[in-house]
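Visitor: Here you go, coords-v8.txt (compact mmCIF, C-alpha atoms):
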```txt
# COMPACT_ATOMS: atom_id res chain seq x y z
CA MET A 1 5.32 1.41 7.17
CA SER A 2 3.20 4.28 8.00
CA SER A 3 2.51 6.80 10.64
CA SER A 4 5.46 5.53 12.68
CA ASP A 5 6.31 2.12 14.06
CA THR A 6 8.06 -0.92 14.47
CA ASP A 7 11.01 -2.34 16.03
CA LYS A 8 8.75 -5.27 15.42
CA ASN A 9 6.90 -4.65 18.64
CA ILE A 10 6.04 -0.98 18.46
CA GLU A 11 2.74 0.69 17.67
CA THR A 12 2.57 4.07 16.06
CA ALA A 13 -0.73 5.87 16.32
CA PRO A 14 -1.74 9.05 14.53
CA VAL A 15 -0.87 12.09 16.58
CA ALA A 16 -4.01 13.50 18.16
CA GLU A 17 -4.75 17.22 18.25
CA GLY A 18 -2.55 18.89 20.82
CA GLU A 19 -0.53 15.74 21.39
CA ASP A 20 3.24 15.96 21.29
CA ASN A 21 4.76 14.20 18.26
CA ALA A 22 8.02 13.37 20.04
CA GLN A 23 6.87 9.78 20.55
CA ALA A 24 6.21 9.35 16.83
CA SER A 25 9.70 10.62 16.03
CA GLN A 26 11.24 8.30 18.59
CA GLU A 27 9.42 5.29 17.20
CA ALA A 28 10.45 6.19 13.66
CA ALA A 29 14.05 6.23 14.88
CA ARG A 30 13.56 2.75 16.33
CA LEU A 31 12.23 1.64 12.98
CA GLY A 32 15.33 2.99 11.34
CA ARG A 33 17.57 1.00 13.64
CA ALA A 34 15.53 -2.14 12.99
CA TYR A 35 15.35 -1.90 9.20
CA HIS A 36 17.50 0.80 7.68
CA ARG A 37 20.85 -0.91 7.67
CA LYS A 38 23.37 -0.73 4.87
CA SER A 39 22.69 -3.17 2.06
CA ASN A 40 23.91 -3.82 -1.46
CA VAL A 41 20.50 -3.10 -2.98
CA LYS A 42 18.80 0.23 -3.67
CA ILE A 43 15.02 0.00 -3.24
CA ILE A 44 12.68 2.44 -4.97
CA VAL A 45 8.97 2.65 -4.19
CA ASP A 46 6.27 5.18 -5.06
CA SER A 47 3.85 7.40 -3.21
CA CYS A 48 0.92 5.06 -3.90
CA ALA A 49 2.25 2.88 -1.08
CA ASP A 50 0.70 5.51 1.22
CA PHE A 51 3.69 5.82 3.52
CA ALA A 52 3.80 8.10 6.52
CA PRO A 53 6.74 10.50 6.08
CA GLU A 54 8.52 9.37 9.25
CA VAL A 55 8.49 5.75 8.20
CA ALA A 56 9.56 6.38 4.62
CA HIS A 57 12.48 8.39 5.98
CA ALA A 58 13.40 5.69 8.48
CA LEU A 59 13.39 3.00 5.80
CA GLY A 60 15.72 5.01 3.59
CA VAL A 61 13.93 4.16 0.34
CA GLU A 62 13.60 6.53 -2.61
CA ILE A 63 10.02 7.48 -3.40
CA VAL A 64 8.70 8.33 -6.87
CA ASN A 65 6.00 10.96 -6.32
CA PHE A 66 2.89 10.50 -8.45
CA THR A 67 0.87 13.63 -9.25
CA TYR A 68 -2.76 14.73 -9.12
CA VAL A 69 -4.74 17.74 -10.30
CA MET A 70 -7.29 19.65 -8.23
CA SER A 71 -9.08 22.80 -9.43
CA GLY A 72 -6.68 23.10 -12.35
CA THR A 73 -3.51 22.94 -10.23
CA GLU A 74 -1.11 20.01 -10.37
CA TYR A 75 0.30 18.76 -7.08
CA ALA A 76 2.89 16.15 -6.19
CA ASP A 77 1.74 13.26 -4.04
CA ASP A 78 4.45 14.14 -1.54
CA LEU A 79 3.14 12.37 1.57
CA TRP A 80 0.91 15.32 2.49
CA GLN A 81 3.69 17.90 2.72
CA THR A 82 2.11 20.30 0.22
CA MET A 83 -1.54 19.76 1.12
CA PRO A 84 -2.62 18.18 4.44
CA ALA A 85 -4.88 15.12 4.20
CA LYS A 86 -7.69 16.87 6.08
CA GLU A 87 -7.72 19.74 3.58
CA PHE A 88 -7.68 17.38 0.59
CA TYR A 89 -10.62 15.30 1.80
CA ASP A 90 -12.61 18.33 2.98
CA ARG A 91 -12.24 19.80 -0.50
CA MET A 92 -13.53 16.54 -1.97
CA ARG A 93 -16.47 16.62 0.45
CA ALA A 94 -17.22 20.14 -0.77
CA GLY A 95 -17.48 18.88 -4.34
CA GLU A 96 -13.99 19.37 -5.78
CA VAL A 97 -12.72 16.59 -8.02
CA ALA A 98 -9.16 15.31 -8.02
CA THR A 99 -7.84 13.64 -11.16
CA THR A 100 -4.76 11.50 -11.70
CA SER A 101 -2.63 10.28 -14.59
CA ALA A 102 0.06 7.70 -15.16
CA VAL A 103 3.72 8.55 -14.60
CA THR A 104 5.62 9.08 -17.87
CA PRO A 105 8.65 7.05 -19.00
CA GLY A 106 10.62 10.31 -18.92
CA ARG A 107 9.99 10.80 -15.21
CA TYR A 108 11.09 7.24 -14.47
CA LEU A 109 14.13 7.69 -16.72
CA GLU A 110 15.31 10.57 -14.52
CA VAL A 111 15.03 8.41 -11.40
CA PHE A 112 16.64 5.33 -12.92
CA GLU A 113 19.47 7.29 -14.55
CA ARG A 114 20.42 8.67 -11.13
CA ALA A 115 20.40 5.13 -9.75
CA ALA A 116 22.60 3.94 -12.62
CA GLU A 117 25.11 6.71 -11.96
CA GLU A 118 25.19 5.64 -8.33
CA GLY A 119 25.79 2.06 -9.50
CA THR A 120 24.01 0.13 -6.74
CA PRO A 121 21.79 -2.71 -8.07
CA THR A 122 18.25 -1.33 -7.96
CA VAL A 123 14.77 -2.79 -7.45
CA TYR A 124 11.62 -0.74 -8.04
CA LEU A 125 8.49 -2.06 -6.33
CA ALA A 126 5.95 -0.48 -8.68
CA PHE A 127 2.32 0.49 -8.16
CA THR A 128 0.29 -2.37 -9.54
CA ARG A 129 -0.74 -2.56 -13.17
CA GLY A 130 -4.14 -3.67 -11.90
CA LEU A 131 -4.82 0.00 -11.15
CA SER A 132 -2.36 1.99 -13.27
CA SER A 133 -0.31 1.71 -16.46
CA SER A 134 2.62 3.47 -14.77
CA VAL A 135 4.50 0.20 -14.32
CA ASP A 136 4.64 -0.14 -18.12
CA ALA A 137 6.30 3.27 -18.33
CA ALA A 138 8.76 2.20 -15.62
CA ARG A 139 9.67 -0.91 -17.58
CA GLN A 140 10.26 1.16 -20.72
CA ALA A 141 12.54 3.49 -18.79
CA ALA A 142 14.40 0.58 -17.19
CA GLU A 143 15.07 -0.90 -20.63
CA MET A 144 16.46 2.43 -21.85
CA VAL A 145 18.77 2.57 -18.84
CA ARG A 146 19.97 -0.98 -19.47
CA GLU A 147 20.88 0.01 -23.02
CA SER A 148 22.91 3.02 -21.87
CA HIS A 149 24.35 1.24 -18.79
CA PRO A 150 24.67 -2.43 -19.80
CA ASP A 151 26.44 -3.42 -16.58
CA PHE A 152 23.81 -1.88 -14.31
CA GLU A 153 21.28 -4.15 -12.59
CA ILE A 154 17.76 -2.72 -12.47
CA TYR A 155 14.49 -4.57 -11.92
CA VAL A 156 10.88 -3.40 -12.03
CA ILE A 157 8.34 -5.49 -10.11
CA ASP A 158 4.56 -5.10 -10.17
CA ASN A 159 3.73 -5.17 -6.45
CA VAL A 160 0.12 -6.38 -7.15
CA CYS A 161 -0.87 -4.90 -3.78
CA PRO A 162 -2.01 -1.27 -3.62
CA SER A 163 -1.92 1.34 -0.86
CA ALA A 164 -0.47 0.32 2.51
CA ALA A 165 -0.23 -3.31 1.35
CA ALA A 166 2.65 -2.07 -0.80
CA GLU A 167 4.00 -0.36 2.29
CA LEU A 168 4.12 -3.68 4.15
CA LEU A 169 5.89 -5.26 1.19
CA ALA A 170 8.45 -2.45 1.08
CA ILE A 171 9.16 -2.68 4.81
CA GLU A 172 10.02 -6.36 4.58
CA ALA A 173 11.91 -5.88 1.31
CA VAL A 174 14.19 -3.41 3.09
CA HIS A 175 14.58 -5.92 5.91
CA GLN A 176 15.48 -8.73 3.52
CA ALA A 177 17.98 -6.58 1.62
CA ALA A 178 19.60 -5.56 4.90
CA SER A 179 19.79 -9.25 5.81
CA GLY A 180 21.89 -9.98 2.74
CA LEU A 181 19.68 -10.71 -0.26
CA THR A 182 21.12 -9.58 -3.59
CA ALA A 183 18.98 -7.55 -5.98
CA LYS A 184 18.16 -10.64 -8.05
CA GLU A 185 17.31 -12.62 -4.93
CA LEU A 186 15.16 -9.77 -3.65
CA VAL A 187 13.20 -9.80 -6.90
CA ALA A 188 12.48 -13.52 -6.46
CA TRP A 189 11.52 -12.90 -2.83
CA ALA A 190 9.15 -10.02 -3.66
CA GLU A 191 7.51 -11.87 -6.55
CA GLU A 192 6.51 -14.59 -4.09
CA ALA A 193 5.93 -12.49 -0.94
CA ARG A 194 3.47 -10.08 -2.60
CA TYR A 195 0.79 -12.77 -2.65
CA TYR A 196 0.83 -13.12 1.13
CA ILE A 197 -0.34 -9.58 1.85
CA HIS A 198 -4.09 -9.13 2.27
CA GLY A 199 -6.08 -5.92 2.13
CA TYR A 200 -9.77 -5.37 2.93
CA PHE A 201 -11.51 -2.01 2.89
CA THR A 202 -14.78 -0.17 2.72
CA LEU A 203 -15.92 3.19 1.38
CA ASP A 204 -18.21 5.84 2.80
CA SER A 205 -19.91 6.30 -0.58
CA PHE A 206 -19.71 5.22 -4.21
CA ASP A 207 -19.46 8.81 -5.49
CA ALA A 208 -15.73 8.85 -6.27
CA LEU A 209 -15.91 5.47 -8.01
CA ALA A 210 -18.81 6.73 -10.13
CA ARG A 211 -16.95 9.93 -11.08
CA GLY A 212 -13.98 7.83 -12.15
CA GLY A 213 -16.19 5.66 -14.34
CA ARG A 214 -15.60 2.52 -12.29
CA ILE A 215 -19.32 2.06 -11.55
CA PRO A 216 -22.46 3.54 -13.18
CA PRO A 217 -23.73 6.78 -11.58
CA ALA A 218 -27.14 5.17 -11.07
CA ALA A 219 -25.58 2.42 -8.98
CA ALA A 220 -23.91 5.03 -6.78
CA THR A 221 -27.22 6.81 -6.28
CA VAL A 222 -29.07 3.63 -5.33
CA GLY A 223 -26.25 2.56 -3.02
CA GLY A 224 -26.42 5.88 -1.20
CA LYS A 225 -30.19 5.78 -0.74
CA LEU A 226 -30.09 2.24 0.66
CA ASP A 227 -27.03 2.93 2.86
CA ILE A 228 -25.14 0.16 1.05
CA LYS A 229 -21.46 -0.05 1.95
CA PRO A 230 -19.14 -2.30 -0.05
CA GLU A 231 -16.39 -4.49 1.29
CA LEU A 232 -13.60 -4.58 -1.29
CA SER A 233 -10.22 -6.19 -1.74
CA TYR A 234 -7.82 -6.76 -4.64
CA ASP A 235 -7.08 -9.84 -6.71
CA THR A 236 -3.76 -11.48 -7.58
CA ASN A 237 -3.31 -8.96 -10.42
CA GLY A 238 -3.79 -6.01 -8.07
CA ALA A 239 -7.22 -5.06 -9.47
CA LEU A 240 -10.08 -4.15 -7.16
CA THR A 241 -12.59 -6.87 -6.32
CA LEU A 242 -15.97 -6.64 -4.61
CA ARG A 243 -16.28 -9.07 -1.71
CA GLY A 244 -19.75 -8.11 -0.57
CA MET A 245 -22.38 -5.44 0.01
CA CYS A 246 -23.36 -4.52 3.55
CA ARG A 247 -26.29 -2.54 4.93
CA GLY A 248 -24.52 0.13 6.93
CA ARG A 249 -20.98 1.10 7.78
CA LYS A 250 -20.66 -0.98 10.93
CA LYS A 251 -21.50 -4.20 9.10
CA ALA A 252 -18.88 -3.41 6.47
CA LEU A 253 -16.28 -2.85 9.18
CA ARG A 254 -17.22 -6.14 10.83
CA ALA A 255 -16.84 -7.90 7.47
CA ILE A 256 -13.26 -6.58 7.31
CA ILE A 257 -12.54 -8.01 10.76
CA ALA A 258 -14.07 -11.34 9.73
CA ASP A 259 -11.66 -11.54 6.78
CA PHE A 260 -8.79 -10.67 9.10
CA LYS A 261 -9.75 -13.57 11.39
CA ALA A 262 -9.97 -15.94 8.44
CA ASN A 263 -6.65 -15.05 6.83
CA TYR A 264 -4.20 -13.57 9.35
CA LEU A 265 -1.26 -15.81 10.21
CA GLY A 266 0.41 -13.66 12.85
CA ALA A 267 3.83 -14.92 13.87
CA GLU A 268 3.32 -18.35 12.35
CA GLY A 269 6.66 -19.73 11.26
CA GLY A 270 8.72 -17.19 13.19
CA ASP A 271 9.36 -15.54 16.52
CA GLU A 272 8.42 -12.02 15.49
CA LYS A 273 5.01 -10.69 14.55
CA LEU A 274 4.89 -8.88 11.25
CA PRO A 275 3.14 -5.49 11.41
CA VAL A 276 -0.47 -4.85 10.52
CA ALA A 277 -1.38 -1.66 8.64
CA ILE A 278 -4.51 0.44 9.01
CA VAL A 279 -5.01 3.22 6.50
CA SER A 280 -7.90 5.67 6.22
CA ALA A 281 -9.08 8.63 4.16
CA ASP A 282 -9.82 11.02 7.02
CA ALA A 283 -11.72 8.32 8.92
CA GLU A 284 -9.62 8.02 12.05
CA LYS A 285 -12.50 6.99 14.32
CA ASP A 286 -13.18 3.87 12.25
CA ALA A 287 -9.44 3.19 11.96
CA ARG A 288 -9.27 3.17 15.75
CA TRP A 289 -12.26 0.84 15.97
CA ILE A 290 -10.58 -1.63 13.62
CA ALA A 291 -7.39 -1.46 15.66
CA ASP A 292 -9.34 -2.20 18.85
CA GLN A 293 -10.94 -5.27 17.22
CA VAL A 294 -7.57 -6.53 15.97
CA ARG A 295 -6.17 -6.21 19.48
CA LYS A 296 -8.94 -8.45 20.82
CA GLU A 297 -7.94 -11.36 18.59
CA PRO A 298 -5.86 -14.17 20.14
CA GLY A 299 -2.16 -13.38 19.97
CA CYS A 300 -2.73 -9.84 18.65
CA SER A 301 -2.64 -7.78 21.83
CA ASP A 302 0.91 -6.65 21.07
CA VAL A 303 1.05 -6.89 17.28
CA PRO A 304 2.69 -3.78 15.74
CA ILE A 305 0.05 -1.58 14.12
CA ILE A 306 1.01 0.99 11.50
CA TYR A 307 -1.39 3.86 10.85
CA SER A 308 -1.33 6.07 7.76
CA SER A 309 -3.51 8.25 5.55
CA VAL A 310 -4.70 7.20 2.11
CA GLY A 311 -2.69 9.33 -0.31
CA PRO A 312 -4.32 11.73 -2.79
CA VAL A 313 -3.76 9.54 -5.85
CA ILE A 314 -5.71 6.61 -4.43
CA GLY A 315 -7.91 8.97 -2.42
CA ALA A 316 -9.05 10.66 -5.64
CA HIS A 317 -10.66 7.38 -6.68
CA VAL A 318 -12.09 6.17 -3.36
CA GLY A 319 -13.09 9.46 -1.73
CA PRO A 320 -13.14 10.49 1.92
CA GLY A 321 -14.15 7.85 4.44
CA MET A 322 -12.26 4.86 3.08
CA VAL A 323 -10.74 2.66 5.78
CA ALA A 324 -8.64 -0.46 5.22
CA LEU A 325 -6.92 -3.22 7.13
CA LEU A 326 -3.82 -4.80 5.58
CA PHE A 327 -1.74 -7.65 6.89
CA TRP A 328 0.44 -10.65 6.11
CA GLY A 329 -1.60 -13.84 5.84
CA LYS A 330 -2.38 -16.91 3.81
CA ASP A 331 -1.26 -17.26 0.21
CA ARG A 332 -3.94 -15.33 -1.72
CA ARG A 333 -3.46 -17.62 -4.72
CA GLU A 334 -5.01 -20.46 -2.73
CA ALA A 335 -8.37 -18.70 -2.98
CA LEU A 336 -8.35 -18.68 -6.79
CA SER A 337 -11.09 -20.58 -8.58
CA PHE A 338 -9.96 -23.62 -10.54
CA THR A 339 -10.56 -21.73 -13.82
CA ASP A 340 -8.30 -18.88 -12.66
CA ARG A 341 -5.65 -21.41 -11.69
CA ILE A 342 -5.81 -22.88 -15.18
CA ALA A 343 -5.43 -19.39 -16.65
CA ARG A 344 -2.35 -18.72 -14.52
CA ARG A 345 -0.76 -21.97 -15.71
CA VAL A 346 -1.48 -21.06 -19.33
CA LYS A 347 0.31 -17.74 -18.76
CA GLY A 348 3.22 -19.49 -17.09
CA GLU A 349 2.52 -17.98 -13.68
CA LYS A 350 2.81 -19.79 -10.38
```
Would it be possible to restate this file's structure as structure tokens?

Guide:
Amino acid sequence: MSSSDTDKNIETAPVAEGEDNAQASQEAARLGRAYHRKSNVKIIVDSCADFAPEVAHALGVEIVNFTYVMSGTEYADDLWQTMPAKEFYDRMRAGEVATTSAVTPGRYLEVFERAAEEGTPTVYLAFTRGLSSSVDAARQAAEMVRESHPDFEIYVIDNVCPSAAAELLAIEAVHQAASGLTAKELVAWAEEARYYIHGYFTLDSFDALARGGRIPPAAATVGGKLDIKPELSYDTNGALTLRGMCRGRKKALRAIIADFKANYLGAEGGDEKLPVAIVSADAEKDARWIADQVRKEPGCSDVPIIYSSVGPVIGAHVGPGMVALLFWGKDRREALSFTDRIARRVKGEK
């Protein structure tokens, strides 16, 4: 999760200036009681899931910290312990550029070797290959560990859902492991469940995308002059997709809510409502607005909402002002075009 939350019916909001954080700590403890129970599976995630520290601690998962470089200094993406989110995004606003790189097989080997020594079957829910090659390095490291520890079970799964969408997946993975799934069963569960998590977001500007080479600089300039705001999502491979272009921020935010209405399934098929995540890059006002709109939807007045900050690795590529809504919903594969469905069959995918 993020910021704090969920005994399945708990909301955790960001702590406002001057507000006591005792409530956040209490809610994180409730989360721990709800999810962090002993299981026979070790779950590893990474910092690109944009966890809030309290929630990551409550879940009891191990986190692989990605790194980023700013003004020649390398930092760990350590859930904002080294550099506060506000400072990071203010520095970006002032013109500093943050760069990122893939995690090396050697770094993963350290993590997986420790897991092998521990001996508990291990599942790593990896940052999607749609946005990073790190998962390939993780798979190389896992293979090396299997060779040196042939009796050790280790699995690496591409989560195909970036940022707090991966957080939602991890929360339920911990829940399922605590409910009795074996490591192999959890892999099968995650490989199916990952397609039911939706994410829709908008950016304040195209500048960071242009600096990263994802769009031409001229397009960023034109977009800024015309006050064009994109609505984006990610496809079934975890890669970014453009859903539409909106004139103005408010229209982009409304487009996100429209997609929520069209795809959210709430508590369908069960008695408990799965949490919704709202994540922003120093854009708390818009995050609050989205939360208010979600609350107005039928059956959503008491849905657990998890707030968190976009981490520096993803933040380096989207820039300050990003805001996203992530939730469990319809099977995203159902929206594939018939040609994409043919391609998936050719590749042997479901």

Visitor: Taking into account only C-alpha atoms, which residue in the set A:Lys285, A:Ile171, A:Cys161, A:Arg194 is nearest to Ser132 (chain A)?

Guide: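 Ranking A:Lys285, A:Ile171, A:Cys161, A:Arg194 by distance to Ser132 (chain A), first place goes to A:Cys161.
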
Visitor: For each of A:Glu118, A:Asp78, A:Glu113, A:Asp227, take the minimum atom-to-atom distance to Met245 (chain A), counting all atoms listed in the file, then give the residue where this is smallest.

Guide: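 Nearest to Met245 (chain A): A:Asp227.
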
Visitor: Write out as a list of chain:residue names which residues come within 6 Å of region 143-159 of chain A when counting only C-alpha atoms, dropping same-chain ones fewer than 6 positions away.

Guide: A:Pro121, A:Thr122, A:Val123, A:Tyr124, A:Leu125, A:Ala126, A:Thr128

Visitor: With all atoms listed in the file as the basis for distance, which of A:Asn263, A:Gln81, A:Gln140, A:Ser233 is at the shortest distance from Gly106 (chain A)?

Guide: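 Closest to Gly106 (chain A), using all atoms listed in the file: A:Gln140.
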
Visitor: From the list A:Ser71, A:Ile257, A:Lys42, A:Gln176, which residue is nearest Arg91 (chain A) when using all atoms listed in the file?

Guide: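 Of A:Ser71, A:Ile257, A:Lys42, A:Gln176, the one nearest Arg91 (chain A), counting all atoms listed in the file, is A:Ser71.
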
Visitor: Using all atoms listed in the file, which of A:Gly199, A:Gly329, A:Gly248, A:Gly180 sits nearest Ile278 (chain A)?

Guide: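 Smallest separation from Ile278 (chain A) among the options: A:Gly199.
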
Visitor: Hey, which of A:Cys300, A:Tyr264, A:Ala193, A:Met92 ends up closest to His317 (chain A)? Count only C-alpha atoms.

Guide: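 Looking at the shortest contact to His317 (chain A), the residue is A:Met92.
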
Visitor: Between CA of Gln293 (chain A) and CA of Asp204 (chain A), what is the distance in Å, rounded to a tenth?

Guide: 19.6 Å

Visitor: Extract, using all atoms listed in the file, all DNA, RNA and protein residues at most 9 Å from Glu62 (chain A), discarding same-chain residues fewer than 4 positions from it, and format them as a PDB file with C-alpha atoms, in the coordinates of the input.

Guide:
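Result file is out35.pdb:
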```pdb
ATOM      1  CA  LYS A  42      18.800   0.230  -3.670  1.00  0.00           C
ATOM      2  CA  ILE A  43      15.020   0.000  -3.240  1.00  0.00           C
ATOM      3  CA  ILE A  44      12.680   2.440  -4.970  1.00  0.00           C
ATOM      4  CA  VAL A  45       8.970   2.650  -4.190  1.00  0.00           C
ATOM      5  CA  ASP A  46       6.270   5.180  -5.060  1.00  0.00           C
ATOM      6  CA  ALA A  56       9.560   6.380   4.620  1.00  0.00           C
ATOM      7  CA  HIS A  57      12.480   8.390   5.980  1.00  0.00           C
TER       8      HIS A  57
END
```

Visitor: Between CA of Glu74 (chain A) and CA of Asp90 (chain A), what is the distance, to one decimal in Å?

Guide: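 Computed distance, CA of Glu74 (chain A) to CA of Asp90 (chain A), equals 17.7 Å.
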
Visitor: In the coordinates of the file, take the point (-15.5, -6.7, 10.6) and a cut-off of 10 Å; then, counting only C-alpha atoms, name each qualifying protein, DNA or RNA residue as a list in words.

Guide: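 Output: Tyr200, Phe201, Glu231, Arg249, Lys250, Lys251, Ala252, Leu253, Arg254, Ala255, Ile256, Ile257, Ala258, Asp259, Phe260, Lys261, Trp289, Ile290, Gln293, Val294 and Leu325 of chain A.
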
Visitor: What separation in Å, quoted to one decimal, exists between CA of Gly130 (chain A) and CA of Arg332 (chain A)?

Guide: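 Those two atoms sit 15.5 Å apart.
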
Visitor: Could I see region 309-324 of chain A restored to N, CA, C and O atoms, set down as a PDB file, keeping the file's coordinate frame?

Guide:
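This went into part.pdb:
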```pdb
ATOM      1  N   SER A 309      -2.407   7.655   6.303  1.00  0.00           N
ATOM      2  CA  SER A 309      -3.510   8.250   5.550  1.00  0.00           C
ATOM      3  C   SER A 309      -3.467   7.788   4.100  1.00  0.00           C
ATOM      4  O   SER A 309      -2.379   7.705   3.510  1.00  0.00           O
ATOM      5  N   VAL A 310      -4.623   7.520   3.529  1.00  0.00           N
ATOM      6  CA  VAL A 310      -4.700   7.200   2.110  1.00  0.00           C
ATOM      7  C   VAL A 310      -4.225   8.419   1.327  1.00  0.00           C
ATOM      8  O   VAL A 310      -4.713   9.537   1.527  1.00  0.00           O
ATOM      9  N   GLY A 311      -3.244   8.227   0.453  1.00  0.00           N
ATOM     10  CA  GLY A 311      -2.690   9.330  -0.310  1.00  0.00           C
ATOM     11  C   GLY A 311      -3.665   9.900  -1.318  1.00  0.00           C
ATOM     12  O   GLY A 311      -4.680   9.276  -1.652  1.00  0.00           O
ATOM     13  N   PRO A 312      -3.392  11.079  -1.876  1.00  0.00           N
ATOM     14  CA  PRO A 312      -4.320  11.730  -2.790  1.00  0.00           C
ATOM     15  C   PRO A 312      -4.551  11.002  -4.106  1.00  0.00           C
ATOM     16  O   PRO A 312      -5.622  11.131  -4.693  1.00  0.00           O
ATOM     17  N   VAL A 313      -3.565  10.236  -4.575  1.00  0.00           N
ATOM     18  CA  VAL A 313      -3.760   9.540  -5.850  1.00  0.00           C
ATOM     19  C   VAL A 313      -4.803   8.438  -5.701  1.00  0.00           C
ATOM     20  O   VAL A 313      -5.740   8.328  -6.501  1.00  0.00           O
ATOM     21  N   ILE A 314      -4.679   7.626  -4.677  1.00  0.00           N
ATOM     22  CA  ILE A 314      -5.710   6.610  -4.430  1.00  0.00           C
ATOM     23  C   ILE A 314      -6.962   7.278  -3.871  1.00  0.00           C
ATOM     24  O   ILE A 314      -8.093   6.919  -4.229  1.00  0.00           O
ATOM     25  N   GLY A 315      -6.772   8.282  -3.010  1.00  0.00           N
ATOM     26  CA  GLY A 315      -7.910   8.970  -2.420  1.00  0.00           C
ATOM     27  C   GLY A 315      -8.816   9.620  -3.453  1.00  0.00           C
ATOM     28  O   GLY A 315     -10.033   9.707  -3.265  1.00  0.00           O
ATOM     29  N   ALA A 316      -8.247  10.052  -4.574  1.00  0.00           N
ATOM     30  CA  ALA A 316      -9.050  10.660  -5.640  1.00  0.00           C
ATOM     31  C   ALA A 316     -10.075   9.683  -6.188  1.00  0.00           C
ATOM     32  O   ALA A 316     -11.136  10.089  -6.678  1.00  0.00           O
ATOM     33  N   HIS A 317      -9.781   8.396  -6.096  1.00  0.00           N
ATOM     34  CA  HIS A 317     -10.660   7.380  -6.680  1.00  0.00           C
ATOM     35  C   HIS A 317     -11.577   6.703  -5.663  1.00  0.00           C
ATOM     36  O   HIS A 317     -12.563   6.085  -6.057  1.00  0.00           O
ATOM     37  N   VAL A 318     -11.249   6.822  -4.377  1.00  0.00           N
ATOM     38  CA  VAL A 318     -12.090   6.170  -3.360  1.00  0.00           C
ATOM     39  C   VAL A 318     -12.868   7.180  -2.527  1.00  0.00           C
ATOM     40  O   VAL A 318     -13.884   6.838  -1.924  1.00  0.00           O
ATOM     41  N   GLY A 319     -12.390   8.418  -2.469  1.00  0.00           N
ATOM     42  CA  GLY A 319     -13.090   9.460  -1.730  1.00  0.00           C
ATOM     43  C   GLY A 319     -12.867   9.401  -0.243  1.00  0.00           C
ATOM     44  O   GLY A 319     -12.319   8.433   0.295  1.00  0.00           O
ATOM     45  N   PRO A 320     -13.294  10.464   0.468  1.00  0.00           N
ATOM     46  CA  PRO A 320     -13.140  10.490   1.920  1.00  0.00           C
ATOM     47  C   PRO A 320     -13.957   9.394   2.588  1.00  0.00           C
ATOM     48  O   PRO A 320     -15.018   9.014   2.098  1.00  0.00           O
ATOM     49  N   GLY A 321     -13.421   8.865   3.686  1.00  0.00           N
ATOM     50  CA  GLY A 321     -14.150   7.850   4.440  1.00  0.00           C
ATOM     51  C   GLY A 321     -13.678   6.430   4.217  1.00  0.00           C
ATOM     52  O   GLY A 321     -14.106   5.515   4.924  1.00  0.00           O
ATOM     53  N   MET A 322     -12.784   6.208   3.256  1.00  0.00           N
ATOM     54  CA  MET A 322     -12.260   4.860   3.080  1.00  0.00           C
ATOM     55  C   MET A 322     -11.455   4.452   4.315  1.00  0.00           C
ATOM     56  O   MET A 322     -10.741   5.246   4.909  1.00  0.00           O
ATOM     57  N   VAL A 323     -11.573   3.206   4.717  1.00  0.00           N
ATOM     58  CA  VAL A 323     -10.740   2.660   5.780  1.00  0.00           C
ATOM     59  C   VAL A 323     -10.373   1.237   5.401  1.00  0.00           C
ATOM     60  O   VAL A 323     -11.195   0.506   4.831  1.00  0.00           O
ATOM     61  N   ALA A 324      -9.124   0.855   5.658  1.00  0.00           N
ATOM     62  CA  ALA A 324      -8.640  -0.460   5.220  1.00  0.00           C
ATOM     63  C   ALA A 324      -7.760  -1.096   6.273  1.00  0.00           C
ATOM     64  O   ALA A 324      -7.083  -0.415   7.045  1.00  0.00           O
TER      65      ALA A 324
END
```
